[in-house]
$ cat protein.txt   # compact mmCIF, C-alpha atoms and all ligand atoms
# COMPACT_ATOMS: atom_id res chain seq x y z
CA MET A 1 31.50 -31.11 -166.83
CA GLU A 2 29.46 -28.07 -165.76
CA TYR A 3 31.04 -25.44 -168.02
CA ILE A 4 31.77 -25.02 -171.73
CA PRO A 5 35.53 -25.23 -172.29
CA VAL A 6 37.49 -23.10 -174.74
CA VAL A 7 39.47 -25.10 -177.31
CA ASP A 8 42.29 -23.21 -179.00
CA LEU A 9 42.64 -24.39 -182.62
CA SER A 10 45.76 -22.37 -183.43
CA LYS A 11 47.84 -25.55 -183.92
CA LEU A 12 45.53 -26.51 -186.79
CA THR A 13 44.82 -23.08 -188.25
CA GLY A 14 48.22 -21.39 -187.80
CA SER A 15 50.82 -21.02 -190.53
CA ASN A 16 53.09 -23.82 -189.26
CA LYS A 17 52.86 -27.31 -190.67
CA ILE A 18 50.55 -29.43 -188.50
CA SER A 19 52.54 -32.14 -186.74
CA GLU A 20 51.11 -35.45 -185.58
CA ALA A 21 51.46 -34.24 -181.98
CA ASP A 22 49.40 -31.12 -182.83
CA TRP A 23 46.58 -33.25 -184.25
CA VAL A 24 46.60 -35.56 -181.25
CA SER A 25 46.67 -32.84 -178.59
CA THR A 26 43.91 -30.83 -180.31
CA ALA A 27 41.82 -33.98 -180.80
CA GLU A 28 42.22 -34.77 -177.09
CA GLU A 29 40.91 -31.33 -176.10
CA ILE A 30 37.94 -31.68 -178.43
CA TYR A 31 37.29 -35.16 -177.00
CA ARG A 32 37.25 -33.80 -173.43
CA ALA A 33 34.77 -31.05 -174.36
CA LEU A 34 32.43 -33.12 -176.52
CA SER A 35 32.41 -36.18 -174.27
CA GLY A 36 31.80 -33.86 -171.30
CA ILE A 37 29.26 -31.12 -171.90
CA GLY A 38 29.04 -31.64 -175.66
CA PHE A 39 29.85 -28.00 -176.49
CA ALA A 40 33.12 -26.10 -176.95
CA TYR A 41 34.07 -22.51 -177.73
CA LEU A 42 36.50 -22.60 -180.64
CA LEU A 43 39.23 -19.99 -180.48
CA ASN A 44 41.56 -19.20 -183.41
CA HIS A 45 39.14 -20.99 -185.72
CA GLY A 46 40.57 -19.41 -188.86
CA ILE A 47 37.38 -17.76 -190.19
CA SER A 48 37.73 -14.06 -190.89
CA LYS A 49 35.74 -11.62 -188.76
CA GLU A 50 34.90 -9.61 -191.85
CA ILE A 51 33.12 -12.56 -193.49
CA ILE A 52 31.22 -13.34 -190.27
CA ASP A 53 30.20 -9.69 -189.76
CA LYS A 54 28.97 -9.40 -193.34
CA ALA A 55 26.81 -12.51 -192.97
CA PHE A 56 25.24 -11.11 -189.78
CA PHE A 57 24.72 -7.67 -191.33
CA SER A 58 23.03 -8.91 -194.49
CA SER A 59 20.92 -11.38 -192.51
CA ARG A 60 19.66 -8.49 -190.41
CA LYS A 61 18.77 -6.57 -193.59
CA PHE A 62 16.76 -9.53 -194.87
CA PHE A 63 14.91 -10.20 -191.61
CA GLU A 64 14.00 -6.52 -191.27
CA LEU A 65 12.12 -6.61 -194.60
CA PRO A 66 8.29 -6.53 -194.40
CA GLU A 67 6.67 -9.89 -193.71
CA ASN A 68 4.94 -10.03 -197.11
CA VAL A 69 8.32 -9.63 -198.87
CA LYS A 70 9.99 -12.36 -196.78
CA ASP A 71 7.00 -14.62 -197.41
CA LYS A 72 7.95 -14.72 -201.10
CA SER A 73 10.84 -17.00 -200.06
CA LEU A 74 8.71 -19.09 -197.69
CA LYS A 75 10.00 -22.62 -197.25
CA ASP A 76 7.85 -25.47 -198.54
CA ILE A 77 9.34 -28.65 -197.13
CA SER A 78 7.37 -30.83 -199.55
CA LYS A 79 9.67 -29.34 -202.24
CA SER A 80 12.91 -28.34 -200.56
CA TYR A 81 14.51 -27.40 -197.26
CA ASN A 82 15.59 -24.03 -198.65
CA GLY A 83 13.96 -20.82 -197.67
CA TYR A 84 12.38 -18.69 -195.01
CA ALA A 85 10.49 -19.95 -191.93
CA LYS A 86 8.32 -17.48 -190.02
CA PRO A 87 7.76 -17.32 -186.24
CA GLY A 88 5.94 -20.38 -184.94
CA GLN A 89 6.44 -22.39 -188.13
CA GLU A 90 9.15 -24.62 -186.72
CA LEU A 91 8.76 -26.23 -183.30
CA LEU A 92 11.88 -27.99 -182.10
CA ASN A 93 10.18 -29.73 -179.22
CA ALA A 94 6.87 -31.61 -179.20
CA GLY A 95 5.98 -29.84 -175.93
CA SER A 96 6.40 -26.34 -177.41
CA THR A 97 3.48 -23.98 -177.76
CA PHE A 98 5.18 -21.21 -179.74
CA GLU A 99 8.79 -20.54 -180.73
CA ILE A 100 9.36 -16.93 -181.61
CA ARG A 101 12.08 -17.26 -184.20
CA GLU A 102 12.62 -16.64 -187.91
CA SER A 103 15.14 -18.46 -190.05
CA TYR A 104 16.40 -18.85 -193.59
CA ASP A 105 17.95 -22.15 -194.61
CA PHE A 106 20.30 -23.10 -197.43
CA CYS A 107 20.36 -26.84 -198.03
CA GLY A 108 21.24 -29.14 -200.94
CA ASN A 109 22.14 -28.09 -204.44
CA LEU A 110 18.92 -26.35 -205.49
CA ARG A 111 19.45 -23.13 -203.61
CA TYR A 112 17.53 -19.94 -204.04
CA TYR A 113 18.02 -16.53 -202.56
CA PRO A 114 15.48 -13.85 -201.70
CA GLU A 115 15.35 -11.35 -204.58
CA ALA A 116 14.59 -8.43 -202.29
CA CYS A 117 18.01 -8.57 -200.61
CA ASP A 118 20.67 -9.20 -203.22
CA GLU A 119 23.68 -9.27 -200.87
CA PHE A 120 22.09 -11.84 -198.52
CA GLY A 121 22.71 -15.09 -200.47
CA PRO A 122 26.34 -14.33 -201.42
CA ALA A 123 27.24 -13.17 -197.87
CA LEU A 124 25.83 -16.34 -196.31
CA MET A 125 27.42 -18.57 -198.93
CA ALA A 126 30.79 -16.86 -198.35
CA LEU A 127 30.59 -17.76 -194.66
CA GLU A 128 29.55 -21.32 -195.48
CA GLU A 129 32.57 -21.69 -197.82
CA ALA A 130 34.91 -20.14 -195.25
CA SER A 131 33.66 -22.65 -192.65
CA LYS A 132 34.36 -25.75 -194.75
CA PRO A 133 38.12 -26.11 -194.05
CA LEU A 134 37.33 -25.85 -190.32
CA VAL A 135 34.59 -28.47 -190.60
CA LYS A 136 36.99 -30.81 -192.40
CA ASP A 137 39.65 -30.39 -189.69
CA LEU A 138 37.05 -30.99 -186.96
CA LEU A 139 35.78 -34.15 -188.66
CA ARG A 140 39.40 -35.38 -188.80
CA ALA A 141 40.00 -34.48 -185.16
CA LEU A 142 36.86 -36.41 -184.16
CA ALA A 143 38.10 -39.55 -185.95
CA ILE A 144 41.52 -39.21 -184.28
CA SER A 145 39.93 -38.68 -180.88
CA LEU A 146 37.90 -41.87 -181.29
CA THR A 147 41.13 -43.67 -182.34
CA LEU A 148 39.63 -44.72 -185.68
CA ASP A 149 42.22 -46.22 -188.06
CA ASP A 150 40.88 -44.07 -190.88
CA ARG A 151 41.13 -40.43 -189.81
CA ASP A 152 39.12 -39.44 -192.87
CA TYR A 153 36.25 -41.73 -191.84
CA PHE A 154 33.78 -38.86 -191.32
CA VAL A 155 35.22 -36.72 -194.14
CA THR A 156 34.70 -39.43 -196.78
CA ARG A 157 31.14 -39.90 -195.58
CA SER A 158 30.40 -36.18 -195.84
CA LYS A 159 31.35 -35.58 -199.47
CA GLY A 160 28.23 -33.50 -200.02
CA LEU A 161 30.00 -30.67 -198.20
CA ASN A 162 32.19 -30.11 -201.25
CA ASP A 163 30.36 -31.86 -204.08
CA ILE A 164 26.97 -30.48 -205.05
CA ASN A 165 26.13 -33.72 -206.86
CA ILE A 166 26.14 -35.70 -203.63
CA GLU A 167 22.96 -35.20 -201.64
CA SER A 168 23.13 -34.41 -197.94
CA LEU A 169 20.97 -32.58 -195.43
CA SER A 170 23.82 -30.34 -194.27
CA THR A 171 22.20 -26.96 -193.75
CA PHE A 172 23.48 -23.43 -193.43
CA ARG A 173 20.95 -21.44 -191.42
CA THR A 174 20.65 -17.82 -190.38
CA LEU A 175 18.40 -17.12 -187.41
CA TYR A 176 16.63 -14.04 -186.14
CA TYR A 177 14.86 -13.78 -182.81
CA PRO A 178 12.66 -10.65 -183.00
CA SER A 179 12.15 -8.30 -180.10
CA ILE A 180 9.47 -9.47 -177.71
CA GLY A 181 6.35 -7.32 -177.32
CA ASP A 182 4.37 -6.88 -174.11
CA THR A 183 2.01 -9.75 -174.74
CA ILE A 184 3.35 -13.17 -175.41
CA SER A 185 1.44 -16.31 -174.65
CA PRO A 186 2.67 -18.45 -171.75
CA GLY A 187 5.19 -21.10 -172.75
CA THR A 188 6.64 -19.06 -175.63
CA VAL A 189 10.40 -19.52 -176.02
CA ARG A 190 12.94 -18.41 -178.60
CA CYS A 191 14.19 -21.91 -179.31
CA ALA A 192 12.87 -24.93 -177.40
CA ASP A 193 14.98 -27.65 -175.78
CA HIS A 194 16.32 -29.92 -178.54
CA THR A 195 19.34 -31.75 -179.86
CA ASP A 196 20.72 -31.16 -183.36
CA TYR A 197 20.27 -33.99 -185.84
CA GLY A 198 23.58 -34.28 -187.69
CA ILE A 199 27.24 -34.94 -186.85
CA LEU A 200 28.33 -31.57 -185.57
CA THR A 201 27.10 -27.98 -185.53
CA LEU A 202 29.02 -24.72 -185.75
CA LEU A 203 27.19 -21.86 -184.07
CA PHE A 204 28.03 -18.18 -184.54
CA GLN A 205 26.15 -15.94 -182.11
CA ASP A 206 25.91 -12.19 -181.60
CA ASP A 207 26.58 -10.59 -178.23
CA MET A 208 23.02 -10.85 -176.83
CA GLY A 209 23.32 -14.24 -175.10
CA GLY A 210 20.39 -16.48 -174.16
CA LEU A 211 21.63 -19.85 -175.39
CA GLU A 212 21.68 -22.50 -172.65
CA VAL A 213 23.27 -25.92 -172.71
CA LYS A 214 22.29 -28.90 -170.56
CA SER A 215 25.18 -30.31 -168.55
CA VAL A 216 25.61 -33.97 -167.66
CA SER A 217 24.07 -33.32 -164.23
CA GLY A 218 21.02 -31.76 -165.89
CA LYS A 219 21.83 -28.13 -165.08
CA TRP A 220 21.24 -25.43 -167.73
CA VAL A 221 24.57 -23.69 -168.33
CA PRO A 222 24.53 -20.32 -170.17
CA ALA A 223 26.64 -20.28 -173.34
CA ASN A 224 27.61 -16.65 -172.85
CA PRO A 225 29.08 -15.16 -176.02
CA ILE A 226 32.89 -14.95 -176.03
CA PRO A 227 34.04 -12.49 -178.72
CA GLY A 228 36.15 -14.08 -181.45
CA THR A 229 34.95 -17.63 -180.74
CA ILE A 230 32.37 -19.85 -182.37
CA LEU A 231 30.59 -22.72 -180.68
CA LEU A 232 30.91 -26.35 -181.67
CA ASN A 233 28.36 -28.94 -180.56
CA THR A 234 27.48 -32.57 -181.09
CA GLY A 235 24.45 -33.88 -182.99
CA ASP A 236 22.43 -37.11 -182.84
CA LEU A 237 24.35 -38.89 -185.58
CA LEU A 238 27.67 -38.33 -183.81
CA GLU A 239 26.14 -39.77 -180.62
CA PHE A 240 25.07 -42.88 -182.60
CA TRP A 241 28.42 -43.21 -184.39
CA SER A 242 30.40 -42.80 -181.16
CA GLY A 243 28.20 -45.29 -179.29
CA GLY A 244 27.29 -42.55 -176.82
CA LYS A 245 30.83 -41.27 -176.17
CA PHE A 246 29.78 -37.92 -177.64
CA PRO A 247 26.19 -37.44 -176.45
CA ALA A 248 24.04 -35.05 -178.49
CA THR A 249 23.68 -32.16 -176.07
CA HIS A 250 20.32 -30.55 -175.32
CA HIS A 251 20.20 -26.80 -175.76
CA GLN A 252 17.63 -23.99 -175.85
CA VAL A 253 17.27 -20.23 -176.16
CA MET A 254 14.96 -18.71 -173.58
CA ILE A 255 13.27 -15.32 -173.55
CA PRO A 256 15.48 -12.97 -171.54
CA GLU A 257 14.26 -11.66 -168.19
CA ALA A 258 15.74 -8.18 -168.60
CA GLU A 259 13.43 -5.74 -170.39
CA ILE A 260 16.25 -4.24 -172.48
CA LYS A 261 17.22 -7.69 -173.76
CA ARG A 262 13.62 -8.61 -174.52
CA ARG A 263 13.38 -5.48 -176.67
CA THR A 264 16.55 -6.30 -178.61
CA PRO A 265 16.53 -8.87 -181.38
CA ARG A 266 19.08 -11.69 -181.24
CA GLN A 267 20.86 -13.24 -184.21
CA SER A 268 22.81 -16.44 -184.75
CA ILE A 269 24.10 -18.38 -187.73
CA VAL A 270 24.31 -22.15 -187.62
CA TYR A 271 26.04 -24.73 -189.82
CA PHE A 272 24.47 -28.18 -189.34
CA VAL A 273 26.93 -30.70 -190.76
CA HIS A 274 25.31 -33.96 -191.89
CA PRO A 275 26.75 -37.06 -193.53
CA ASP A 276 25.71 -37.82 -197.12
CA ASP A 277 22.10 -39.01 -197.36
CA HIS A 278 22.85 -42.67 -198.10
CA VAL A 279 25.37 -43.17 -195.27
CA CYS A 280 24.48 -45.85 -192.71
CA VAL A 281 25.31 -44.81 -189.17
CA SER A 282 25.97 -47.44 -186.52
CA PRO A 283 28.31 -47.38 -183.51
CA LEU A 284 32.03 -47.58 -184.30
CA THR A 285 32.95 -47.70 -180.61
CA GLY A 286 31.34 -47.24 -177.20
CA ASN A 287 28.03 -48.80 -176.30
CA SER A 288 26.95 -50.44 -179.56
CA ALA A 289 23.99 -52.35 -178.10
CA GLU A 290 22.08 -49.16 -177.43
CA TYR A 291 22.02 -47.75 -180.95
CA ALA A 292 20.27 -49.19 -183.99
CA THR A 293 21.61 -48.53 -187.48
CA VAL A 294 20.00 -45.56 -189.22
CA THR A 295 20.67 -43.89 -192.54
CA ALA A 296 21.64 -40.23 -192.33
CA LYS A 297 18.68 -39.13 -194.45
CA GLU A 298 16.07 -41.24 -192.63
CA HIS A 299 17.05 -39.87 -189.24
CA ALA A 300 17.13 -36.20 -190.25
CA LYS A 301 13.96 -36.40 -192.37
CA GLN A 302 12.00 -37.93 -189.56
CA LYS A 303 13.17 -35.20 -187.16
CA LEU A 304 12.49 -32.44 -189.72
CA ALA A 305 9.02 -33.79 -190.52
CA SER A 306 8.03 -33.64 -186.87
CA SER A 307 9.29 -30.08 -186.37
CA TYR A 308 7.40 -28.09 -189.02
CA LYS A 309 3.92 -26.70 -188.44
CA TYR A 310 1.81 -25.11 -191.15
O1 LIG B 401 20.31 -19.52 -181.86
C1 LIG B 401 20.98 -20.29 -181.19
O2 LIG B 401 21.88 -19.90 -180.44
C2 LIG B 401 20.72 -21.78 -181.23
C3 LIG B 401 20.03 -22.25 -182.45
C4 LIG B 401 19.87 -23.73 -182.48
O3 LIG B 401 20.16 -24.41 -181.55
C5 LIG B 401 19.36 -24.41 -183.69
O4 LIG B 401 18.91 -23.74 -184.63
O5 LIG B 401 19.41 -25.66 -183.74
FE FE B 402 20.34 -26.48 -182.11

$ encode --input "protein.txt" --output "structure tokens"
Amino acid sequence: MEYIPVVDLSKLTGSNKISEADWVSTAEEIYRALSGIGFAYLLNHGISKEIIDKAFFSSRKFFELPENVKDKSLKDISKSYNGYAKPGQELLNAGSTFEIRESYDFCGNLRYYPEACDEFGPALMALEEASKPLVKDLLRALAISLTLDDRDYFVTRSKGLNDINIESLSTFRTLYYPSIGDTISPGTVRCADHTDYGILTLLFQDDMGGLEVKSVSGKWVPANPIPGTILLNTGDLLEFWSGGKFPATHHQVMIPEAEIKRRTPRQSIVYFVHPDDHVCVSPLTGNSAEYATVTAKEHAKQKLASSYKY
């Protein structure tokens, strides 16, 4: 598959009762997208535009604060995965020289918000809450699409989404790609080629574009923004669980060629959905010989440890 398909979720999110046929047909569409290119545009996803817009607007207000103010919320991964990461602090690919990106992460139950921007935390948390019913439906659809007997297989292993006492590395992240000045060192990118680490990722993007997704044939396909949709993509742990049926798709955000786009910041908001820390992940189907058992926490921690530079 050389393009990112649109999956209409109205059968799940509409006001009618969801029939078995609705679940199966939606699950089949998700299967086609995620087993093909590994990304899908979700239409009629059920999350209000107002909540999304507010999260983008208050993120922008935070990221436009002076550097010394943002630094007060600087992330210290020896303590927690919450907080602000400045440009160059996180490298998603071992071959990267510099990734010009800022982010603020909310993870786990010990969350803190930057004092200097009081609307920021609540606006982001409102979008995270509003995304949870969608995540639950998607986890169900994935189990149905893999013909698992227990359609709540992934839901019951991701209890941390709704229970703050259960630890998980699910992370709600807001991202800001600042405007690019005249002098950037060679090799600088906005976000280097990588796969996500968890089960699935929801990705809200503004209208700037720049995200690229690697197709099965190895071609970089632009994930051009489609208003009203959000992107869904696979992560490493879903690849392991599905025995390779849902490969974790490589993606990146390059620096735009056009001067006007280089001058304009880009924003995105990402929900990385992870299983609970203690969950053991091994293939339930597909090619089981290729994947060793890992625990959710071990896998993500090892990836996170190799991506932060201080
Ligand atoms: O900003 C984007 O569009 C992509 C971000 C991303 O892939 C990530 O943070 O893992
Ligand atoms: Fe990513």

$ residues_near_ligand --input "protein.txt" --ligand "ligand LIG 401 (chain B)" --cutoff "9 Å" --atoms "all atoms listed in the file" --output "count of residues only"
37

$ residues_around --input "protein.txt" --residues "Tyr112 (chain A)" --least-positions-apart "4" --cutoff "9 Å" --atoms "only C-alpha atoms" --output "PyMOL selection string"
chain A and resi 73+82-83+106+121

$ residues_around --input "protein.txt" --residues "Asp8 (chain A)" --least-positions-apart "2" --cutoff "8 Å" --atoms "only C-alpha atoms" --output "list in words"
Val6, Ser10, Lys11, Thr26, Leu42, Leu43, Asn44 and His45 of chain A

$ residues_around --input "protein.txt" --residues "region 140-156 of chain A" --least-positions-apart "5" --cutoff "9 Å" --atoms "all atoms listed in the file" --output "ChimeraX atom specification"
/A:23-24,26-31,135,161,199,242,245,275,284-285

$ residues_around --input "protein.txt" --residues "Arg262 (chain A)" --least-positions-apart "3" --cutoff "10 Å" --atoms "all atoms listed in the file" --output "list in words"
Tyr177, Pro178, Ser179, Ile180, Gly181, Asp182, Met208, Ile255, Pro256, Glu257, Ala258, Glu259, Pro265 and Arg266 of chain A

$ atom_distance --input "protein.txt" --atom1 "CA of Gly243 (chain A)" --atom2 "CA of Ala289 (chain A)"
8.3 Å

$ closest_residue --input "protein.txt" --among "A:Lys261, A:Leu127, A:Asn93, A:Lys297" --to "ligand FE 402 (chain B)" --atoms "only C-alpha atoms and all ligand atoms"
A:Asn93

$ residues_around --input "protein.txt" --residues "Phe120 (chain A)" --least-positions-apart "5" --cutoff "9 Å" --atoms "all atoms listed in the file" --output "list in words"
Lys54, Ala55, Phe57, Ser58, Ser59, Lys61, Phe62, Tyr113, Pro114 and Met125 of chain A

$ closest_residue --input "protein.txt" --among "A:Leu202, A:Ile51, A:Ala40, A:Asp276" --to "ligand FE 402 (chain B)" --atoms "only C-alpha atoms and all ligand atoms"
A:Leu202

$ atom_distance --input "protein.txt" --atom1 "CA of Ser15 (chain A)" --atom2 "CA of Leu231 (chain A)"
22.6 Å

$ atom_distance --input "protein.txt" --atom1 "CA of Gly228 (chain A)" --atom2 "CA of Ala126 (chain A)"
17.9 Å

$ axis_aligned_box --input "protein.txt" --around "region 275-293 of chain A" --padding-each-side "6 Å" --output "lines of an AutoDock Vina configuration file"
center_x = 26.6
center_y = -44.7
center_z = -187.2
size_x = 24.7
size_y = 27.3
size_z = 33.8

$ closest_residue --input "protein.txt" --among "A:Leu65, A:Asp137, A:Ile260, A:Leu91" --to "ligand FE 402 (chain B)" --atoms "only C-alpha atoms and all ligand atoms"
A:Leu91

$ residues_near_point --input "protein.txt" --point "(27.6, -19.4, -168.1)" --cutoff "8 Å" --atoms "all atoms listed in the file" --output "list in words"
Tyr3, Ile4, Val221, Pro222, Ala223 and Asn224 of chain A

$ closest_residue --input "protein.txt" --among "A:Asp22, A:Asp236, A:Glu50, A:Asp118" --to "ligand FE 402 (chain B)" --atoms "all atoms listed in the file"
A:Asp236

$ decode --input "protein.txt" --residues "region 148-158 of chain A" --atoms "all heavy atoms" --output "tab-separated table (two decimals), in the first residue's frame"
chain	number	residue	atom	x	y	z
A	148	LEU	N	-9.08	-12.44	17.65
A	148	LEU	CA	-8.84	-12.95	19.00
A	148	LEU	C	-10.19	-13.30	19.63
A	148	LEU	O	-11.17	-12.60	19.42
A	148	LEU	CB	-8.13	-11.89	19.86
A	148	LEU	CG	-6.79	-11.34	19.36
A	148	LEU	CD1	-6.17	-10.41	20.40
A	148	LEU	CD2	-5.82	-12.46	19.00
A	149	ASP	N	-10.22	-14.38	20.42
A	149	ASP	CA	-11.49	-14.75	21.08
A	149	ASP	C	-11.93	-13.66	22.04
A	149	ASP	O	-13.12	-13.40	22.19
A	149	ASP	CB	-11.32	-16.07	21.85
A	149	ASP	CG	-11.16	-17.23	20.88
A	149	ASP	OD1	-11.63	-17.07	19.73
A	149	ASP	OD2	-10.54	-18.25	21.27
A	150	ASP	N	-10.96	-13.06	22.73
A	150	ASP	CA	-11.28	-12.03	23.71
A	150	ASP	C	-11.10	-10.66	23.05
A	150	ASP	O	-9.98	-10.21	22.86
A	150	ASP	CB	-10.33	-12.18	24.92
A	150	ASP	CG	-10.53	-11.08	25.94
A	150	ASP	OD1	-11.51	-10.29	25.79
A	150	ASP	OD2	-9.73	-11.01	26.88
A	151	ARG	N	-12.22	-10.00	22.74
A	151	ARG	CA	-12.08	-8.71	22.04
A	151	ARG	C	-11.62	-7.60	22.98
A	151	ARG	O	-11.29	-6.50	22.54
A	151	ARG	CB	-13.34	-8.33	21.28
A	151	ARG	CG	-14.59	-8.21	22.10
A	151	ARG	CD	-15.76	-7.88	21.20
A	151	ARG	NE	-15.87	-8.80	20.06
A	151	ARG	CZ	-16.80	-8.74	19.13
A	151	ARG	NH1	-17.69	-7.80	19.17
A	151	ARG	NH2	-16.83	-9.60	18.15
A	152	ASP	N	-11.59	-7.89	24.27
A	152	ASP	CA	-11.04	-6.91	25.22
A	152	ASP	C	-9.59	-7.25	25.59
A	152	ASP	O	-9.07	-6.75	26.59
A	152	ASP	CB	-11.91	-6.86	26.48
A	152	ASP	CG	-13.14	-5.99	26.24
A	152	ASP	OD1	-13.05	-5.08	25.39
A	152	ASP	OD2	-14.17	-6.22	26.88
A	153	TYR	N	-8.96	-8.10	24.79
A	153	TYR	CA	-7.59	-8.53	25.11
A	153	TYR	C	-6.66	-7.34	25.36
A	153	TYR	O	-5.95	-7.28	26.37
A	153	TYR	CB	-7.02	-9.41	23.98
A	153	TYR	CG	-5.69	-10.01	24.33
A	153	TYR	CD1	-5.62	-11.26	24.97
A	153	TYR	CD2	-4.50	-9.33	24.09
A	153	TYR	CE1	-4.40	-11.81	25.34
A	153	TYR	CE2	-3.27	-9.87	24.47
A	153	TYR	CZ	-3.23	-11.11	25.08
A	153	TYR	OH	-2.02	-11.64	25.46
A	154	PHE	N	-6.66	-6.38	24.45
A	154	PHE	CA	-5.75	-5.23	24.59
A	154	PHE	C	-6.26	-4.24	25.64
A	154	PHE	O	-5.48	-3.62	26.34
A	154	PHE	CB	-5.54	-4.52	23.24
A	154	PHE	CG	-4.95	-5.42	22.18
A	154	PHE	CD1	-5.63	-5.67	21.00
A	154	PHE	CD2	-3.71	-6.02	22.37
A	154	PHE	CE1	-5.09	-6.51	20.03
A	154	PHE	CE2	-3.16	-6.87	21.41
A	154	PHE	CZ	-3.85	-7.11	20.23
A	155	VAL	N	-7.60	-4.14	25.74
A	155	VAL	CA	-8.19	-3.20	26.72
A	155	VAL	C	-7.82	-3.64	28.15
A	155	VAL	O	-7.39	-2.82	28.96
A	155	VAL	CB	-9.73	-3.13	26.56
A	155	VAL	CG1	-10.37	-2.30	27.67
A	155	VAL	CG2	-10.09	-2.55	25.20
A	156	THR	N	-7.95	-4.93	28.43
A	156	THR	CA	-7.67	-5.38	29.81
A	156	THR	C	-6.18	-5.35	30.14
A	156	THR	O	-5.81	-5.40	31.30
A	156	THR	CB	-8.22	-6.80	30.09
A	156	THR	OG1	-7.76	-7.66	29.06
A	156	THR	CG2	-9.71	-6.84	30.16
A	157	ARG	N	-5.36	-5.23	29.12
A	157	ARG	CA	-3.92	-5.10	29.37
A	157	ARG	C	-3.45	-3.65	29.31
A	157	ARG	O	-2.27	-3.37	29.36
A	157	ARG	CB	-3.15	-5.97	28.37
A	157	ARG	CG	-3.24	-7.44	28.78
A	157	ARG	CD	-2.96	-8.40	27.65
A	157	ARG	NE	-3.12	-9.78	28.13
A	157	ARG	CZ	-4.29	-10.39	28.30
A	157	ARG	NH1	-5.42	-9.74	28.04
A	157	ARG	NH2	-4.34	-11.63	28.75
A	158	SER	N	-4.40	-2.74	29.19
A	158	SER	CA	-4.07	-1.30	29.16
A	158	SER	C	-4.94	-0.57	30.18
A	158	SER	O	-5.54	0.47	29.88
A	158	SER	CB	-4.33	-0.73	27.75
A	158	SER	OG	-3.73	-1.53	26.76
